[in-house]
file input_13.txt (compact mmCIF, C-alpha atoms)
# COMPACT_ATOMS: atom_id res chain seq x y z
CA MET A 1 -14.97 -12.76 37.50
CA PRO A 2 -14.19 -9.02 37.62
CA THR A 3 -14.89 -6.85 34.59
CA ARG A 4 -11.73 -5.21 33.25
CA ILE A 5 -12.41 -1.66 32.09
CA LEU A 6 -9.93 0.47 30.14
CA PRO A 7 -10.69 4.22 30.10
CA ALA A 8 -9.47 6.20 27.05
CA VAL A 9 -9.66 9.80 28.16
CA GLY A 10 -7.47 12.72 27.12
CA ASP A 11 -8.76 15.36 29.54
CA ALA A 12 -7.15 15.25 33.00
CA ASP A 13 -10.31 16.31 34.87
CA ALA A 14 -12.41 13.78 32.97
CA VAL A 15 -9.87 11.05 33.77
CA ARG A 16 -10.27 11.63 37.51
CA SER A 17 -14.06 11.66 37.45
CA ILE A 18 -14.40 8.61 35.20
CA THR A 19 -11.81 6.46 36.99
CA THR A 20 -13.29 7.36 40.39
CA LEU A 21 -16.76 6.32 39.29
CA LEU A 22 -15.53 3.15 37.56
CA SER A 23 -13.70 2.06 40.71
CA GLN A 24 -17.00 2.17 42.61
CA LEU A 25 -18.79 -0.21 40.24
CA PRO A 26 -19.42 -3.76 41.54
CA ASP A 27 -16.98 -6.41 40.24
CA ALA A 28 -15.14 -3.75 38.24
CA GLU A 29 -11.40 -3.75 37.70
CA PRO A 30 -10.39 -0.44 36.08
CA VAL A 31 -6.93 -0.48 34.52
CA ALA A 32 -4.57 2.44 34.02
CA PRO A 33 -6.19 4.93 31.61
CA VAL A 34 -4.73 5.75 28.20
CA VAL A 35 -4.60 9.36 27.08
CA ASP A 36 -4.90 9.21 23.28
CA SER A 37 -6.01 7.01 20.41
CA THR A 38 -2.50 5.81 19.55
CA GLN A 39 -1.85 4.60 23.10
CA LEU A 40 -5.21 2.84 23.17
CA ILE A 41 -4.59 0.87 19.96
CA ASP A 42 -1.02 0.03 20.99
CA THR A 43 -2.20 -1.20 24.41
CA LEU A 44 -4.93 -3.38 22.95
CA ALA A 45 -2.58 -4.78 20.29
CA ARG A 46 -0.02 -5.71 22.93
CA LEU A 47 -2.62 -7.49 25.05
CA ALA A 48 -4.19 -9.25 22.06
CA ALA A 49 -0.76 -10.53 21.00
CA GLU A 50 -0.65 -12.46 24.26
CA SER A 51 -4.23 -13.76 24.15
CA VAL A 52 -7.75 -12.60 23.45
CA ASP A 53 -8.48 -13.32 27.10
CA GLU A 54 -5.96 -10.65 28.11
CA LEU A 55 -8.05 -7.91 26.51
CA PRO A 56 -10.32 -5.80 28.72
CA GLU A 57 -14.00 -6.58 28.38
CA VAL A 58 -14.93 -2.89 28.20
CA VAL A 59 -13.23 0.20 26.79
CA VAL A 60 -14.67 3.58 27.76
CA VAL A 61 -13.91 6.24 25.12
CA HIS A 62 -14.36 9.91 26.00
CA GLU A 63 -15.73 12.16 23.25
CA ARG A 64 -12.65 14.43 23.34
CA ILE A 65 -10.08 11.70 22.82
CA GLY A 66 -7.56 12.44 20.06
CA PRO A 67 -5.88 12.70 17.67
CA VAL A 68 -8.24 10.24 15.91
CA PRO A 69 -11.87 11.34 16.41
CA ALA A 70 -13.83 9.27 18.91
CA LEU A 71 -16.20 7.66 16.41
CA GLU A 72 -13.36 6.73 14.04
CA LEU A 73 -11.44 5.29 16.97
CA ILE A 74 -14.46 3.21 18.01
CA ARG A 75 -14.71 1.81 14.48
CA GLU A 76 -11.03 0.82 14.49
CA VAL A 77 -11.32 -0.88 17.88
CA ALA A 78 -14.46 -2.73 16.77
CA LEU A 79 -12.77 -3.99 13.61
CA ARG A 80 -9.40 -4.94 15.09
CA PHE A 81 -10.55 -6.20 18.48
CA PRO A 82 -14.07 -7.63 18.07
CA ALA A 83 -14.03 -9.15 21.56
CA VAL A 84 -13.89 -5.71 23.20
CA GLY A 85 -17.06 -3.76 23.92
CA VAL A 86 -16.80 0.03 23.56
CA ILE A 87 -18.81 2.63 25.46
CA LEU A 88 -18.83 6.25 24.27
CA VAL A 89 -18.98 8.94 26.96
CA THR A 90 -20.41 12.15 25.47
CA SER A 91 -22.20 15.34 26.33
CA ASP A 92 -24.42 14.87 23.26
CA ALA A 93 -26.94 12.13 23.99
CA SER A 94 -29.14 12.90 20.99
CA PRO A 95 -30.73 10.04 19.00
CA GLY A 96 -28.61 11.01 15.99
CA LEU A 97 -25.32 10.56 17.82
CA PHE A 98 -26.57 7.39 19.48
CA GLN A 99 -27.35 5.90 16.06
CA ALA A 100 -24.00 7.04 14.67
CA ALA A 101 -22.14 5.49 17.62
CA MET A 102 -23.93 2.18 17.07
CA ASP A 103 -23.15 2.31 13.34
CA TYR A 104 -19.46 2.80 14.14
CA GLY A 105 -19.41 -0.22 16.43
CA ALA A 106 -20.04 1.13 19.93
CA ARG A 107 -22.01 -1.13 22.26
CA GLY A 108 -23.34 1.67 24.41
CA LEU A 109 -23.45 5.41 25.07
CA VAL A 110 -23.35 7.20 28.43
CA ALA A 111 -24.25 10.87 28.75
CA LEU A 112 -22.29 13.51 30.64
CA PRO A 113 -22.44 14.35 33.48
CA LEU A 114 -21.99 10.74 34.48
CA SER A 115 -24.44 9.02 36.77
CA TYR A 116 -23.54 5.90 38.73
CA GLU A 117 -26.70 3.99 37.80
CA GLU A 118 -26.43 4.62 34.06
CA LEU A 119 -22.73 3.79 33.91
CA ALA A 120 -23.13 0.62 36.01
CA SER A 121 -26.01 -0.61 33.84
CA ARG A 122 -24.18 0.06 30.59
CA VAL A 123 -20.89 -1.50 31.73
CA GLN A 124 -22.67 -4.64 32.92
CA ALA A 125 -24.54 -5.06 29.63
CA VAL A 126 -21.44 -4.49 27.49
CA ALA A 127 -19.33 -6.83 29.63
CA GLN A 128 -21.91 -9.61 29.18
CA TRP A 129 -21.86 -9.00 25.42
CA SER A 130 -18.05 -9.19 25.38
CA VAL A 131 -18.04 -12.50 27.21
CA GLY A 132 -20.51 -13.89 24.69
CA VAL A 133 -18.38 -12.75 21.75
CA ARG A 134 -15.31 -14.42 23.25
CA ARG A 135 -17.19 -17.69 23.44
CA HIS A 136 -18.10 -17.22 19.79
CA LEU A 137 -14.48 -16.51 18.87
CA GLY A 138 -13.43 -19.65 20.66
CA ALA A 139 -15.89 -21.67 18.58
CA GLY A 140 -14.77 -19.97 15.36
CA GLY A 141 -16.82 -17.59 13.28
CA ASP A 142 -16.79 -15.17 10.38
CA VAL A 143 -15.20 -12.32 12.30
CA PHE A 144 -11.83 -10.66 12.30
CA THR A 145 -9.49 -12.28 14.79
CA GLY A 146 -6.13 -10.72 13.92
CA VAL A 147 -4.38 -8.47 16.41
CA GLY A 148 -3.37 -6.13 13.64
CA GLY A 149 -0.74 -6.27 10.93
CA THR A 150 1.87 -3.67 10.00
CA VAL A 151 0.66 -0.85 7.77
CA VAL A 152 3.20 0.98 5.60
CA THR A 153 2.25 3.90 3.36
CA VAL A 154 4.39 4.94 0.39
CA SER A 155 3.98 8.50 -0.88
CA GLY A 156 5.87 10.43 -3.55
CA ALA A 157 7.50 13.80 -2.99
CA LYS A 158 6.27 14.52 -6.52
CA GLY A 159 5.08 12.47 -9.46
CA GLY A 160 7.51 10.07 -11.08
CA VAL A 161 9.90 9.49 -8.19
CA GLY A 162 9.16 5.75 -7.96
CA ALA A 163 6.58 5.43 -5.17
CA THR A 164 4.51 2.77 -6.96
CA LEU A 165 7.51 0.59 -7.83
CA THR A 166 8.71 0.88 -4.23
CA ALA A 167 5.31 -0.12 -2.83
CA ILE A 168 5.07 -3.13 -5.14
CA GLN A 169 8.53 -4.46 -4.33
CA LEU A 170 8.02 -4.01 -0.58
CA ALA A 171 4.83 -6.05 -0.81
CA LEU A 172 6.49 -8.72 -2.93
CA ALA A 173 9.37 -9.00 -0.46
CA ALA A 174 7.02 -9.38 2.51
CA GLN A 175 4.91 -12.00 0.73
CA ALA A 176 7.96 -13.95 -0.48
CA SER A 177 9.27 -14.16 3.08
CA GLY A 178 6.09 -15.90 4.21
CA ARG A 179 3.95 -13.04 5.47
CA SER A 180 0.38 -12.61 4.25
CA THR A 181 0.46 -9.28 2.42
CA ALA A 182 -2.01 -6.84 0.91
CA LEU A 183 -1.06 -4.12 -1.57
CA VAL A 184 -3.49 -1.20 -1.83
CA ASP A 185 -3.62 1.43 -4.56
CA MET A 186 -4.82 4.55 -2.74
CA ASP A 187 -3.66 6.78 -5.61
CA LEU A 188 -7.32 6.94 -6.49
CA GLN A 189 -7.24 8.97 -9.71
CA THR A 190 -3.94 7.97 -11.30
CA GLY A 191 -3.05 4.66 -9.64
CA ASP A 192 -0.96 2.31 -11.81
CA ILE A 193 -0.45 -0.83 -9.72
CA ALA A 194 -2.73 -2.79 -12.07
CA SER A 195 -0.63 -1.71 -15.05
CA TYR A 196 2.68 -2.51 -13.37
CA LEU A 197 1.44 -6.03 -12.56
CA ASP A 198 -0.57 -6.56 -15.79
CA VAL A 199 -3.84 -7.40 -14.07
CA GLN A 200 -7.44 -6.58 -14.90
CA PHE A 201 -10.04 -6.82 -12.16
CA ARG A 202 -13.50 -5.33 -12.08
CA ARG A 203 -13.56 -4.59 -8.34
CA SER A 204 -11.65 -1.78 -6.66
CA VAL A 205 -11.24 0.05 -3.39
CA VAL A 206 -14.36 2.05 -4.29
CA ASP A 207 -16.51 -1.06 -3.86
CA LEU A 208 -15.70 -1.03 -0.14
CA ALA A 209 -16.27 2.70 0.37
CA ALA A 210 -20.02 2.51 0.96
CA ILE A 211 -19.97 -0.61 3.16
CA THR A 212 -20.29 0.11 6.86
CA ASP A 213 -19.42 -3.41 8.02
CA ILE A 214 -16.57 -4.97 6.03
CA SER A 215 -16.66 -8.66 6.89
CA PRO A 216 -13.86 -11.03 5.85
CA ARG A 217 -16.11 -12.38 3.08
CA VAL A 218 -16.82 -8.90 1.71
CA LEU A 219 -13.12 -8.05 1.82
CA ALA A 220 -12.19 -11.29 0.05
CA ASP A 221 -14.62 -10.43 -2.75
CA ALA A 222 -12.99 -7.04 -3.28
CA VAL A 223 -9.33 -8.09 -3.42
CA PHE A 224 -7.55 -9.79 -6.31
CA ARG A 225 -5.11 -12.58 -5.51
CA HIS A 226 -2.03 -12.08 -7.67
CA ASP A 227 0.09 -14.98 -8.92
CA THR A 228 2.75 -13.98 -6.37
CA GLY A 229 0.27 -14.44 -3.52
CA VAL A 230 -0.07 -10.73 -2.79
CA ALA A 231 -3.68 -9.57 -2.29
CA LEU A 232 -4.36 -6.52 -4.45
CA LEU A 233 -6.94 -3.84 -3.72
CA LEU A 234 -6.82 -1.68 -6.82
CA ALA A 235 -7.68 1.90 -7.69
CA PRO A 236 -10.85 2.42 -9.76
CA ALA A 237 -10.51 2.37 -13.54
CA GLU A 238 -12.57 5.58 -13.65
CA GLY A 239 -10.55 8.15 -11.72
CA GLU A 240 -13.55 10.31 -10.87
CA ARG A 241 -14.95 7.48 -8.75
CA GLY A 242 -12.04 7.96 -6.36
CA GLU A 243 -13.98 10.80 -4.75
CA ASP A 244 -16.30 8.18 -3.26
CA VAL A 245 -13.48 6.99 -0.98
CA THR A 246 -13.69 9.43 1.92
CA ASP A 247 -11.28 9.62 4.81
CA ARG A 248 -13.87 7.77 6.91
CA ALA A 249 -14.10 4.98 4.34
CA ALA A 250 -10.31 4.80 4.10
CA ARG A 251 -10.00 4.34 7.86
CA GLN A 252 -12.47 1.49 7.79
CA ILE A 253 -10.76 -0.17 4.81
CA VAL A 254 -7.29 0.11 6.34
CA SER A 255 -8.55 -1.26 9.66
CA ALA A 256 -10.19 -4.21 7.91
CA LEU A 257 -7.03 -4.99 5.94
CA ARG A 258 -4.83 -4.64 9.02
CA SER A 259 -6.99 -7.18 10.80
CA ARG A 260 -6.65 -9.70 7.97
CA TYR A 261 -3.05 -9.41 6.75
CA GLU A 262 0.32 -9.38 8.46
CA VAL A 263 1.61 -6.62 6.17
CA VAL A 264 -0.42 -3.93 4.39
CA VAL A 265 1.44 -1.71 1.89
CA ILE A 266 -0.46 1.33 0.61
CA ASP A 267 0.58 3.38 -2.43
CA CYS A 268 -0.71 6.90 -1.71
CA GLY A 269 0.76 8.56 -4.80
CA ALA A 270 2.01 12.14 -4.85
CA GLN A 271 -1.30 13.98 -4.43
CA LEU A 272 -2.73 14.11 -0.92
CA SER A 273 -6.40 13.16 -0.79
CA GLY A 274 -8.56 12.75 2.28
CA ALA A 275 -8.30 8.99 1.96
CA GLY A 276 -4.53 9.12 1.56
CA ALA A 277 -4.20 11.43 4.56
CA ALA A 278 -6.20 9.00 6.71
CA ALA A 279 -3.97 6.13 5.59
CA VAL A 280 -0.77 8.04 6.37
CA GLU A 281 -2.12 8.99 9.80
CA MET A 282 -2.98 5.36 10.62
CA ALA A 283 0.25 3.86 9.26
CA ASP A 284 2.89 2.24 11.45
CA ARG A 285 5.52 3.49 8.99
CA ALA A 286 5.03 6.35 6.53
CA LEU A 287 7.56 6.45 3.69
CA LEU A 288 8.14 9.49 1.51
CA ILE A 289 10.01 8.73 -1.71
CA THR A 290 12.28 11.36 -3.25
CA THR A 291 15.03 11.53 -5.81
CA PRO A 292 18.28 13.40 -5.11
CA ASP A 293 17.44 16.55 -7.08
CA VAL A 294 16.40 20.02 -5.99
CA VAL A 295 12.79 19.85 -7.24
CA ALA A 296 12.02 16.50 -5.61
CA VAL A 297 13.69 17.39 -2.31
CA ARG A 298 11.74 20.64 -2.20
CA GLY A 299 8.60 18.58 -2.80
CA ALA A 300 9.54 16.27 0.07
CA LYS A 301 10.06 19.23 2.40
CA ARG A 302 6.73 20.72 1.31
CA ALA A 303 4.92 17.42 1.92
CA VAL A 304 6.46 16.96 5.37
CA ARG A 305 5.46 20.47 6.40
CA MET A 306 1.92 19.99 5.09
CA TRP A 307 1.52 16.71 6.97
CA ASP A 308 2.65 18.46 10.13
CA ARG A 309 0.34 21.47 9.64
CA LEU A 310 -2.64 19.17 9.04
CA GLN A 311 -1.64 17.08 12.07
CA ILE A 312 -1.40 13.98 9.89
CA ARG A 313 2.13 13.05 10.84
CA LYS A 314 5.14 14.70 12.47
CA ALA A 315 8.39 15.03 10.54
CA GLU A 316 10.28 12.79 12.96
CA GLU A 317 7.67 10.06 12.41
CA THR A 318 8.25 10.08 8.63
CA THR A 319 10.97 8.14 6.80
CA VAL A 320 12.35 9.50 3.55
CA VAL A 321 13.64 6.95 1.03
CA VAL A 322 16.12 8.19 -1.58
CA ASN A 323 15.53 6.67 -5.01
CA ARG A 324 17.90 6.83 -8.02
CA HIS A 325 20.82 7.44 -5.73
CA SER A 326 24.42 7.58 -6.90
CA ARG A 327 27.61 8.71 -5.26
CA GLY A 328 28.13 11.34 -7.92
CA THR A 329 25.03 13.39 -7.10
CA GLU A 330 25.53 16.63 -5.22
CA ILE A 331 22.53 16.01 -2.97
CA GLN A 332 23.23 13.07 -0.66
CA PRO A 333 20.94 11.44 1.97
CA PRO A 334 22.43 13.27 4.99
CA LEU A 335 21.64 16.60 3.34
CA ILE A 336 18.09 15.46 2.56
CA GLN A 337 17.67 14.45 6.20
CA LYS A 338 18.80 17.90 7.31
CA ILE A 339 16.51 19.70 4.86
CA THR A 340 13.36 17.69 5.61
CA GLY A 341 13.88 17.08 9.33
CA THR A 342 12.86 13.46 8.87
CA ALA A 343 14.59 10.14 9.30
CA VAL A 344 16.21 8.85 6.12
CA ALA A 345 16.25 5.13 5.35
CA ALA A 346 19.70 3.57 5.54
CA THR A 347 18.92 1.76 2.29
CA ALA A 348 19.04 3.99 -0.77
CA ILE A 349 17.78 2.76 -4.15
CA PRO A 350 20.40 2.96 -6.92
CA ALA A 351 19.79 4.70 -10.23
CA ASN A 352 19.52 1.97 -12.87
CA PHE A 353 16.44 2.34 -15.03
CA LYS A 354 17.92 0.05 -17.66
CA GLU A 355 17.25 -2.88 -15.31
CA LEU A 356 13.63 -1.85 -14.98
CA GLN A 357 12.62 -0.74 -18.46
CA SER A 358 11.71 -4.11 -19.95
CA VAL A 359 9.60 -5.32 -17.00
CA VAL A 360 7.93 -1.93 -16.56
CA ASP A 361 6.98 -1.74 -20.25
CA ALA A 362 5.66 -5.31 -20.12
CA GLY A 363 3.74 -4.72 -16.90
CA ARG A 364 5.69 -7.53 -15.20
CA VAL A 365 7.66 -5.77 -12.47
CA HIS A 366 7.13 -8.83 -10.27
CA GLU A 367 9.44 -10.69 -12.65
CA LEU A 368 12.38 -8.35 -12.07
CA GLU A 369 15.49 -10.50 -11.79
CA SER A 370 16.85 -11.25 -8.34
CA LYS A 371 20.32 -10.06 -9.32
CA SER A 372 18.94 -6.60 -10.12
CA ALA A 373 20.63 -3.99 -7.93
CA VAL A 374 17.36 -2.05 -7.73
CA LYS A 375 15.43 -5.11 -6.54
CA GLN A 376 18.09 -6.06 -4.01
CA ALA A 377 17.98 -2.54 -2.58
CA LEU A 378 14.17 -2.47 -2.40
CA TRP A 379 14.01 -5.88 -0.76
CA GLY A 380 16.77 -4.72 1.55
CA LEU A 381 14.57 -1.76 2.44
CA ALA A 382 11.81 -4.23 3.29
CA GLY A 383 14.23 -5.94 5.64
CA GLU A 384 15.22 -2.63 7.21
CA LEU A 385 11.55 -1.82 7.82
CA GLY A 386 10.93 -5.22 9.43
CA LEU A 387 8.42 -6.33 6.79
CA VAL A 388 10.06 -9.68 6.07
CA LYS A 389 10.37 -12.84 8.12
CA VAL A 390 14.02 -13.67 8.60
CA SER A 391 15.15 -17.02 9.99
CA GLU A 392 17.90 -17.09 12.59
CA GLY A 393 20.37 -18.56 10.12
CA ALA A 394 19.46 -15.97 7.49
CA GLN A 395 19.94 -13.15 9.99
CA LYS A 396 23.50 -14.30 10.66
CA ALA A 397 24.15 -14.44 6.94
CA GLY A 398 22.60 -11.02 6.38
CA ARG A 399 19.94 -12.31 3.99
CA PHE A 400 16.49 -13.82 3.84
CA ARG A 401 15.16 -16.59 1.65
CA GLY A 402 11.93 -15.79 -0.09
CA GLY A 403 9.91 -17.41 -2.81
CA ASP A 404 11.86 -15.70 -5.58
CA ARG A 405 14.05 -18.57 -6.71
CA GLY A 406 16.65 -18.16 -4.03
CA ALA A 407 18.13 -15.74 -1.61
CA VAL A 408 18.09 -11.99 -1.89
CA SER A 409 20.61 -10.24 0.30
CA PHE A 410 20.19 -6.89 1.91
CA ARG A 411 22.86 -4.61 3.30
CA ARG A 412 22.82 -1.52 5.46
CA ARG A 413 25.42 1.16 5.02
CA ARG A 414 27.26 2.08 8.17
CA ASP A 415 27.16 5.78 7.43
CA GLY A 416 23.34 5.78 7.21
CA GLY A 417 23.53 7.38 3.79
CA GLY A 418 22.24 4.42 1.75
call {"tool": "encode", "arguments": {"input": "input_13.txt", "output": "structure tokens"}}
result
Amino acid sequence: MPTRILPAVGDADAVRSITTLLSQLPDAEPVAPVVDSTQLIDTLARLAAESVDELPEVVVVHERIGPVPALELIREVALRFPAVGVILVTSDASPGLFQAAMDYGARGLVALPLSYEELASRVQAVAQWSVGVRRHLGAGGDVFTGVGGTVVTVSGAKGGVGATLTAIQLALAAQASGRSTALVDMDLQTGDIASYLDVQFRRSVVDLAAITDISPRVLADAVFRHDTGVALLLAPAEGERGEDVTDRAARQIVSALRSRYEVVVIDCGAQLSGAGAAAVEMADRALLITTPDVVAVRGAKRAVRMWDRLQIRKAEETTVVVNRHSRGTEIQPPLIQKITGTAVAATAIPANFKELQSVVDAGRVHELESKSAVKQALWGLAGELGLVKVSEGAQKAGRFRGGDRGAVSFRRRRDGGG
């Protein structure tokens, strides 16, 4: 059986040399190369959705792949696609880098300039390992087997615009529709998800920060299963401990959660940390919450520009959600879209704090009534983002039935202004 090899190489010259050499290997079947980390993950996810057997046995990652650094990319591939063996191609063949590559999940390292004998030997060994892992997966085992859930980050243009409430309701909507859902508090110093849901749990996201291999059992020990079914990964009670969650740790945590849950909602707060930046970069959808006032919209514009400067996320890849919207405000969603240069969600959240005050004060926002206009809008936003399972009959009726004592409808405005 031929060995399928997927090169992940961003440099045009390196692509030619690597693919030429791979094509000369015995029983090798090189596939079309991918040019960046995003294309690699998308390609593997598409193949894994069909079957584990459709995945290539070997992925060859060049050291200059981007935008995600090569080692971080190797870790994500190892966590999300455990049946794929990864080889790092690098000009630095030092023992230190070799050990680091192994720690991140690589199965081999090949030094530049490439030699036929070294590459052939490494590919053969990794391919044999991959075949063995697939047999293990077929027999069942304590490994991640998911092809990767949807990750949505929720950030605030400034403090107090409603990012946490939005994140919670999106997670509740996804869970109620039948999707396994995790809610993560990545607002590491001032996170309030525990207070909003009236839970106390001794473990937090910090407990996963120092673990290099997050197995399903380790992850299960760190999350708290809420009465609604949502799995909670909370911020630390001591805010200073949030510094222990580095961007590297955040990538590993997000990858582990993505492999275990269909939907992962991450509250990143209003202050950008290294961990929050990593989460936003990895997200399938990045939401930025603003209110229709000058200060908040300026904050949204500032955040979008900063994300772009730091190469975290482009403006056109960000979705702004307008909270506390009313027709009487001078600043409307189309103007916000023009100012920020982002997409703006068709669903806007109405201004009605009176509906929320009692459940917020009691720490029971999950008990917000279904007839609440705010809840209907937030669950409608979940539908717009594709986070909920909708039956064929419910799609025709424009609603989905969740576990919240009945149906919650969602509507999209034709003018795109919420």
call {"tool": "residues_around", "arguments": {"input": "input_13.txt", "residues": "range 183-194 of chain A", "least_positions_apart": "3", "cutoff": "8 Å", "atoms": "all atoms listed in the file", "output": "PyMOL selection string"}}
result
chain A and resi 164+167-168+171+197-200+205+230-236+238-243+264-271+275-276
call {"tool": "closest_residue", "arguments": {"input": "input_13.txt", "among": "A:Leu40, A:Val89, A:Leu378, A:Ala278", "to": "Arg313 in chain A", "atoms": "all atoms listed in the file"}}
result
A:Ala278
call {"tool": "atom_distance", "arguments": {"input": "input_13.txt", "atom1": "CA of Thr318 in chain A", "atom2": "CA of Pro69 in chain A"}}
result
21.6 Å
call {"tool": "residues_near_point", "arguments": {"input": "input_13.txt", "point": "(13.3, 10.5, 4.7)", "cutoff": "8 Å", "atoms": "all atoms listed in the file", "output": "PDB file with C-alpha atoms, in the coordinates of the input"}}
result
ATOM      1  CA  LEU A 287       7.560   6.450   3.690  1.00  0.00           C
ATOM      2  CA  LEU A 288       8.140   9.490   1.510  1.00  0.00           C
ATOM      3  CA  ILE A 289      10.010   8.730  -1.710  1.00  0.00           C
ATOM      4  CA  THR A 318       8.250  10.080   8.630  1.00  0.00           C
ATOM      5  CA  THR A 319      10.970   8.140   6.800  1.00  0.00           C
ATOM      6  CA  VAL A 320      12.350   9.500   3.550  1.00  0.00           C
ATOM      7  CA  VAL A 321      13.640   6.950   1.030  1.00  0.00           C
ATOM      8  CA  VAL A 322      16.120   8.190  -1.580  1.00  0.00           C
ATOM      9  CA  ILE A 336      18.090  15.460   2.560  1.00  0.00           C
ATOM     10  CA  GLN A 337      17.670  14.450   6.200  1.00  0.00           C
ATOM     11  CA  THR A 340      13.360  17.690   5.610  1.00  0.00           C
ATOM     12  CA  THR A 342      12.860  13.460   8.870  1.00  0.00           C
ATOM     13  CA  ALA A 343      14.590  10.140   9.300  1.00  0.00           C
ATOM     14  CA  VAL A 344      16.210   8.850   6.120  1.00  0.00           C
ATOM     15  CA  ALA A 345      16.250   5.130   5.350  1.00  0.00           C
TER      16      ALA A 345
END
call {"tool": "residues_around", "arguments": {"input": "input_13.txt", "residues": "Asp247 in chain A", "least_positions_apart": "3", "cutoff": "9 Å", "atoms": "all atoms listed in the file", "output": "list in words"}}
result
Ala250, Arg251, Gln252, Ser273, Gly274, Ala275, Gly276, Ala277, Ala278 and Ala279 of chain A
call {"tool": "write_last_selection", "arguments": {"input": "input_13.txt", "atoms": "C-alpha atoms", "output": "CSV table (one decimal), keeping the file's coordinate frame"}}
result
chain,number,residue,atom,x,y,z
A,250,ALA,CA,-10.3,4.8,4.1
A,251,ARG,CA,-10.0,4.3,7.9
A,252,GLN,CA,-12.5,1.5,7.8
A,273,SER,CA,-6.4,13.2,-0.8
A,274,GLY,CA,-8.6,12.8,2.3
A,275,ALA,CA,-8.3,9.0,2.0
A,276,GLY,CA,-4.5,9.1,1.6
A,277,ALA,CA,-4.2,11.4,4.6
A,278,ALA,CA,-6.2,9.0,6.7
A,279,ALA,CA,-4.0,6.1,5.6
call {"tool": "closest_residue", "arguments": {"input": "input_13.txt", "among": "A:Gly149, A:Arg134, A:Ile87, A:Ser195", "to": "Asp361 in chain A", "atoms": "only C-alpha atoms"}}
result
A:Ser195
call {"tool": "closest_residue", "arguments": {"input": "input_13.txt", "among": "A:Ser326, A:Glu317, A:Gln169, A:Leu257", "to": "Ser370 in chain A", "atoms": "only C-alpha atoms"}}
result
A:Gln169
call {"tool": "residues_around", "arguments": {"input": "input_13.txt", "residues": "Asp103 in chain A", "least_positions_apart": "6", "cutoff": "9 Å", "atoms": "only C-alpha atoms", "output": "PyMOL selection string"}}
result
chain A and resi 75+212-213
call {"tool": "residues_near_point", "arguments": {"input": "input_13.txt", "point": "(-25.3, 8.1, 25.4)", "cutoff": "8 Å", "atoms": "only C-alpha atoms", "output": "JSON, numbers by chain"}}
result
{"A": [88, 89, 90, 91, 92, 93, 94, 97, 98, 108, 109, 110, 111]}
call {"tool": "atom_distance", "arguments": {"input": "input_13.txt", "atom1": "CA of Arg364 in chain A", "atom2": "CA of Tyr196 in chain A"}}
result
6.1 Å
call {"tool": "residues_around", "arguments": {"input": "input_13.txt", "residues": "Pro292 in chain A", "least_positions_apart": "4", "cutoff": "12 Å", "atoms": "all atoms listed in the file", "output": "MDAnalysis selection string"}}
result
chainID A and resid 157 161 296:300 320:337 339 348:351 417:418
call {"tool": "closest_residue", "arguments": {"input": "input_13.txt", "among": "A:Trp379, A:Ala12, A:Leu55, A:Leu165", "to": "Gln357 in chain A", "atoms": "all atoms listed in the file"}}
result
A:Leu165
call {"tool": "closest_residue", "arguments": {"input": "input_13.txt", "among": "A:Thr181, A:Ser130, A:Ala14, A:Ala174", "to": "Asp53 in chain A", "atoms": "all atoms listed in the file"}}
result
A:Ser130
call {"tool": "closest_residue", "arguments": {"input": "input_13.txt", "among": "A:Gly96, A:Pro216, A:Pro26, A:Gly85", "to": "Val61 in chain A", "atoms": "only C-alpha atoms"}}
result
A:Gly85
call {"tool": "atom_distance", "arguments": {"input": "input_13.txt", "atom1": "CA of Gln24 in chain A", "atom2": "CA of Val77 in chain A"}}
result
25.6 Å
call {"tool": "axis_aligned_box", "arguments": {"input": "input_13.txt", "around": "range 271-280 of chain A", "padding_each_side": "6 Å", "output": "AutoDock Vina command-line options"}}
result
--center_x -4.7 --center_y 10.1 --center_z 1.1 --size_x 19.8 --size_y 20.0 --size_z 23.1
call {"tool": "closest_atom_pairs", "arguments": {"input": "input_13.txt", "of": "range 31-85 of chain A", "to": "range 3-10 of chain A", "cutoff": "6 Å", "atoms": "all atoms listed in the file", "output": "tab-separated table"}}
result
residue	atom	partner	partner_atom	distance
A:Val31	CA	A:Leu6	CA	5.4
A:Pro33	CA	A:Pro7	CA	4.8
A:Val34	CA	A:Ala8	CA	4.9
A:Val35	CA	A:Gly10	CA	4.4
A:Asp36	CA	A:Gly10	CA	5.8
A:Pro56	CA	A:Arg4	CA	4.8
A:Glu57	CA	A:Arg4	CA	5.5
A:Val58	CA	A:Ile5	CA	4.8
A:Val59	CA	A:Leu6	CA	4.7
A:Val60	CA	A:Pro7	CA	4.7
A:Val61	CA	A:Ala8	CA	4.8
A:His62	CA	A:Val9	CA	5.2
A:Ile65	CA	A:Gly10	CA	5.1
call {"tool": "closest_atom_pairs", "arguments": {"input": "input_13.txt", "of": "range 115-202 of chain A", "to": "range 217-228 of chain A", "cutoff": "8 Å", "atoms": "only C-alpha atoms", "output": "JSON lines"}}
result
{"residue": "A:Asp142", "atom": "CA", "partner": "A:Arg217", "partner_atom": "CA", "distance": 7.8}
{"residue": "A:Leu172", "atom": "CA", "partner": "A:Thr228", "partner_atom": "CA", "distance": 7.3}
{"residue": "A:Gln175", "atom": "CA", "partner": "A:Thr228", "partner_atom": "CA", "distance": 7.7}
{"residue": "A:Ala176", "atom": "CA", "partner": "A:Thr228", "partner_atom": "CA", "distance": 7.9}
{"residue": "A:Phe201", "atom": "CA", "partner": "A:Phe224", "partner_atom": "CA", "distance": 7.0}
call {"tool": "decode", "arguments": {"input": "input_13.txt", "residues": "range 336-342 of chain A", "atoms": "C-alpha atoms", "output": "compact mmCIF listing (two decimals), in the first residue's frame"}}
result
# COMPACT_ATOMS: atom_id res chain seq x y z
CA ILE A 336 -20.15 50.44 12.59
CA GLN A 337 -19.33 48.14 9.69
CA LYS A 338 -17.97 51.08 7.71
CA ILE A 339 -15.90 52.38 10.63
CA THR A 340 -14.34 49.05 11.62
CA GLY A 341 -14.01 47.46 8.17
CA THR A 342 -15.37 44.20 9.54
